[in-house]
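In what follows, a single structure is set out as C-alpha cells and then discussed.
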Protein chains: 2
Amino acid sequence: MSAGDTAGSGPALTIAIAGATGVVGGAVRDILEERGFPVGELRLLASERSAGRRLPFRGSDVEVQVLDDDSFYGVDLAFFACGGDASRRFAPVAAAAGATVIDKSSVFRQEPGIPLVVPEVNPAALDAHQGIVATPNCSTIQMVVALKPIYDAAGIERVVVSTYQAVTGSGKKGPDELLRQAPQVLAGEPVECTAYPHQIAFNLLPHIDSFLPSGLTKEEQKMVDETQKIFDDPDLKVSPTCVRVPVVNAHSEAVNVQTRRKLGAAEARELLAAAPGVVVVDDPASLQYPMPIDASGKDPVYVGRIRDDDSIENGLSFWCVSDNLRKGAALNAVQIAEELVRRGALAPAK
Amino acid sequence: MSAGDTAGSGPALTIAIAGATGVVGGAVRDILEERGFPVGELRLLASERSAGRRLPFRGSDVEVQVLDDDSFYGVDLAFFACGGDASRRFAPVAAAAGATVIDKSSVFRQEPGIPLVVPEVNPAALDAHQGIVATPNCSTIQMVVALKPIYDAAGIERVVVSTYQAVTGSGKKGPDELLRQAPQVLAGEPVECTAYPHQIAFNLLPHIDSFLPSGLTKEEQKMVDETQKIFDDPDLKVSPTCVRVPVVNAHSEAVNVQTRRKLGAAEARELLAAAPGVVVVDDPASLQYPMPIDASGKDPVYVGRIRDDDSIENGLSFWCVSDNLRKGAALNAVQIAEELVRRGALAPAK
C-alpha cells in the first residue's frame with residue numbers, strides 16, 4: 001500500500017488495480033504515475049500466486065494483495081485488467097462496495113446500460129454509468145479514434161478493415177513466444193507453440209480469439225459490435241479481418257471507409273491532424289508513414305497513407321498504428337478515469 | 001549450355017532465361033526441371049558480373065552467359081526475370097530474333113496488344129500475342145486466381161484487399177535484410193537498413209514500390225490496373241493497401257468482395273475447391289487456415305477464412321496465401337509457356 005501525495009489536482013482517490021501483475025495492469029500503474037493522476041492510496045490486486053510481490057509506484061514499493069470479496073472497501077476507482085472470469089466475478093463486487101469499475105475485459109461491453117467508452121469519441125456516455133464502465137478491445141479503440149473526425153464531418157456508411165496485430169495483444173505470453181521462436185527459426189530448429197496454435201515467428205495467423213459459427217472470429221465480431229455501440233449507430237457497417245503478425249508491440253490497421261458525404265483526402269488529413277488523440281504521419285515523399293516500431297510506447301493513434309479511394313463513391317483509405325497496450329488498453333482506461341473526474345461523474349448516475 | 005534430352009512431350013525447345021542468377025530466374029530453372037518442360041537447350045543469361053557462373057539443370061551445369069543483343073538467336077522461348085530496364089532493352093530484341101518472350105517485369109503489362117496472363121484466368125489472351133507476353137505482379141496473380149471462380153459464378157463489383165507481403169518479393173536482398181536484422185533486434189543492437197527505408201524485422205511497412213501522386217503506391221496501382229486487364233473488365237473496382245511484413249516467403253491477402261449476384265460462403269467454398277490452382281484450407285474448428293510458412297515452396301493459391309460479409313449486399317470475405325516466387329512469379333511464367341505450347345500459340349499471332 002502506498003499513501004503518497006497526490007500528484008494531480010482534485011481530491012486524492014483510492015485506486016485499485018485488479019490484475020496488477022499483468023502487462024496491462026502494469027501499464028495502468030505506469031500511466032497513472034506518468035500522468036499525475038490524483039492517486040491517494042493504490043491497491044494492487046492479483047491472484048494468490050502473485051500476492052506478496054512488490055511493485056514500484058511513485059518511488060515506493062506497493063505490495064500486491066489477493067483479489068477477493070473484501071478488496072474494494074473504500075475504493076473510489078477500480079481498474080480491472082484481469083481476465084473475463086475475474087471481471088465477471090469481482091467487478092460487481094467492487095461496484096457494490098461503491099467503487100466505479102473501469103473494466104478492460106469483454107464481458108460487459110455489450111451489456112445495455114454499461115457505457116463502452118473511448119474518451120475522444122463518446123465521453124458523454126460516461127454520465128449514465130451505474131458503477132461499471134467498459135473499455136473496448138484494442139483493435140476497436142485505435143480505429144474509432146481515427147474514424148471519429150471523419151464520422152463527424154461526413155458520416156460513415158461502411159468500414160472494411162484488415163488488422164496487423166502485435167503479439168503483446170495476447171499478454172506477456174505473446175512476446176515471450178515470438179522472441180523465443182524467432183532465434184529458433186533463424187537457427188533452423190523446431191519451434192514450440194504454446195501461446196498460439198501455430199508458429200508466429202516469420203509467419204501470420206488469420207485468427208485472433210475463437211471462431212464463431214458465422215466464420216468470423218470473436219475479435220472480428222468485437223470490431224463490428226463495439227464500433228456500433230461507441231458511435232451509437234447500428235447502421236455503421238464494419239467488415240473486419242483480424243490477423244496476428246510477428247510484431248512485438250503496436251497494432252496496425254488498413255482502413256477503407258465509405259463516407260455518407262464526400263470527404264476528400266486533403267480534407268480528411270486536416271480533420272485528422274486536428275483530432276484529439278491522433279497524430280498524422282503522412283509524407284510519402286519523405287517515406288514517412290506510421291509504423292509499429294515508432295508507435296510502441298507512445299500515446300497517440302498515428303494515421304497515414306490517407307488517400308482517396310476511387311473504387312467507390314465517397315471512398316477514403318488510411319493506415320493507422322497505435323500502441324495496443326497503451327491507447328488500446330491501459331491508457332484508454334486511465335483517460336476514462338480522468339474524464340470521469342473531469343465530468344464529476346465518478347459516482348454512479350442516479 | 002546444356003543439350004539434355006527432353007523430359008516432357010512435344011518437340012524440345014531452346015529456352016533462354018534472362019536474369020538467370022536472380023531469385024525468380026533460379027525458380028524458373030527449377031520449375032522447368034520439376035515439371036519436365038520440353039527443354040532442348042537452356043541458355044542462362046545475366047549481366048557481365050554474373051557471367052561465367054555455372055548453375056545446375058537436370059544433372060548438368062550450365063554456364064551463365066552475358067545478356068546482349070546476340071543472346072536470342074535460335075531461342076524459341078525467353079523468360080525475362082530481370083529488372084524493368086533490361087526487359088525494356090532486350091525483350092524486343094529477343095522477340096525480333098524470333099523468340100516468344102514471357103516477361104515478369106512491369107514494363108509491358110499495360111501495353112495494348114501485349115497479353116497479361118494468368119493461365120487459370122485468361123489463357124485465351126495468349127492467342128493474340130505478338131512476341132511478348134507479360135506475367136502480372138505477384139500480389140495480383142494470387143488474388144485473381146482466387147477471384148476467378150467467384151467472378152465466373154456471380155460477377156464482381158468491387159474488391160477491397162489488404163496485402164501482407166513477404167520480403168522475397170524484393171529479391172534476394174529482402175530476406176538477406178530481414179534475416180540480418182532479426183538477430184540484431186533480438187540482441188538490442190542497431191539495425192542497418194539497405195533493402196528497405198526502415199527496419200523490417202518485427203515491423204511493418206505500408207509501402208511497396210514507389211509512391212504515385214494519387215497517394216497510392218505503384219504496387220497498389222498495379223493491383224487495380226492488372227486485375228482489370230486480366231479480367232478484361234474496366235468496371236471491376238479494386239481498392240488495395242499493400243504492406244510489407246516480416247515474413248520470409250509467401251504473400252497473404254485479406255480480400256473482401258462485393259459480387260454482382262449473391263454468392264453465399266458455402267457456395268463460394270465449393271467453387272473455390274473445384275477451381276484450378278486453388279486449394280481450400282478452411283476448417284476453423286480444427287484451426288486450419290492458410291499461412292505463409294505452409295504455402296512457401298508450394299504451387300497452389302491457398303484460400304481460407306471464407307465467410308459471408310453481412311456489412312454489404314452480396315458481400316464475401318476470404319484470406320489467400322501463395323508463394324510469391326512460385327505462383328507469384330516463376331511458376332506463372334512456366335505455366336504460360338506450357339499453355340502456349342498446349343494451344344499451339346508459341347509463334348506470334350499473324
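Ordering of the C-alpha cells sets the chain letters (A, B, ...); residue numbers start at 1 within each chain; ligands are numbered from 1 in the order shown.
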Test item: chain B residues at most 7 Å from chain A, counting only C-alpha atoms, as a list in words: Ser162, Phe202, Asn203, Leu204, Leu205, Phe211, Gly215, Lys237, Val238, Ser239, Thr241, Pro246, Val247, Val248, Ala254, Pro284, Met291, Pro292, Ile293, Arg305, Arg307, Asp309 and Ser311 of chain B
Helix (DSSP H, G or I) positions in region 180-339 of chain A, given as number ranges by chain: A: 180-186, 218-231, 265-273, 284-286, 292-295, 326-339
Nearest to Val39 (chain A), chosen from A:Ile208, A:Ala187, A:Ala12, A:Leu55, with only C-alpha atoms counted in the distances: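 For Val39 (chain A), the nearest of the candidates is A:Ala12.
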Residue nearest Gly264 (chain B) among B:Ser87, B:Gln181, B:Asn314, B:Gln228 (counting only C-alpha atoms): B:Asn314
All strand (DSSP E or B) residues (DSSP, backbone) inside region 154-308 of chain A, as a ChimeraX atom specification: /A:156-165,205,211,217,237-241,244,251-259,278-280,283,288,301-308
Best match for closeness to Phe231 (chain A) among A:Gly344, A:Gly297, A:Gly26, A:Pro115, counting only C-alpha atoms: A:Pro115
Å distance separating CA of Thr100 (chain A) from CA of Gln221 (chain A), one decimal place: 27.2 Å
Nearby residues (only C-alpha atoms) at most 9 Å from Asp209 (chain A), same-chain spacing under 4 positions excluded, as an MDAnalysis selection string: chainID A and resid 217:220
Just to be explicit: take each residue in the selection above, keep N, CA and C atoms, and write the result as a PDB file, in the first residue's frame.
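Heads up, here's the output in selection.pdb:
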ATOM      1  N   THR A 217     -14.123 -14.445 -36.371  1.00  0.00           N
ATOM      2  CA  THR A 217     -13.587 -14.667 -35.038  1.00  0.00           C
ATOM      3  C   THR A 217     -14.275 -13.703 -34.069  1.00  0.00           C
ATOM      4  N   LYS A 218     -14.179 -14.022 -32.774  1.00  0.00           N
ATOM      5  CA  LYS A 218     -14.722 -13.094 -31.772  1.00  0.00           C
ATOM      6  C   LYS A 218     -14.063 -11.723 -31.882  1.00  0.00           C
ATOM      7  N   GLU A 219     -12.767 -11.710 -32.170  1.00  0.00           N
ATOM      8  CA  GLU A 219     -12.059 -10.432 -32.322  1.00  0.00           C
ATOM      9  C   GLU A 219     -12.706  -9.593 -33.430  1.00  0.00           C
ATOM     10  N   GLU A 220     -13.048 -10.250 -34.527  1.00  0.00           N
ATOM     11  CA  GLU A 220     -13.672  -9.535 -35.641  1.00  0.00           C
ATOM     12  C   GLU A 220     -15.078  -9.068 -35.263  1.00  0.00           C
TER      13      GLU A 220
END
Close residues, Asp76 (chain A) itself excluded, 10 Å, only C-alpha atoms, min 2 positions apart in chain, as a PyMOL selection string: chain A and resi 12-16+39+41+72-74+78+94-95+97-101+346-347
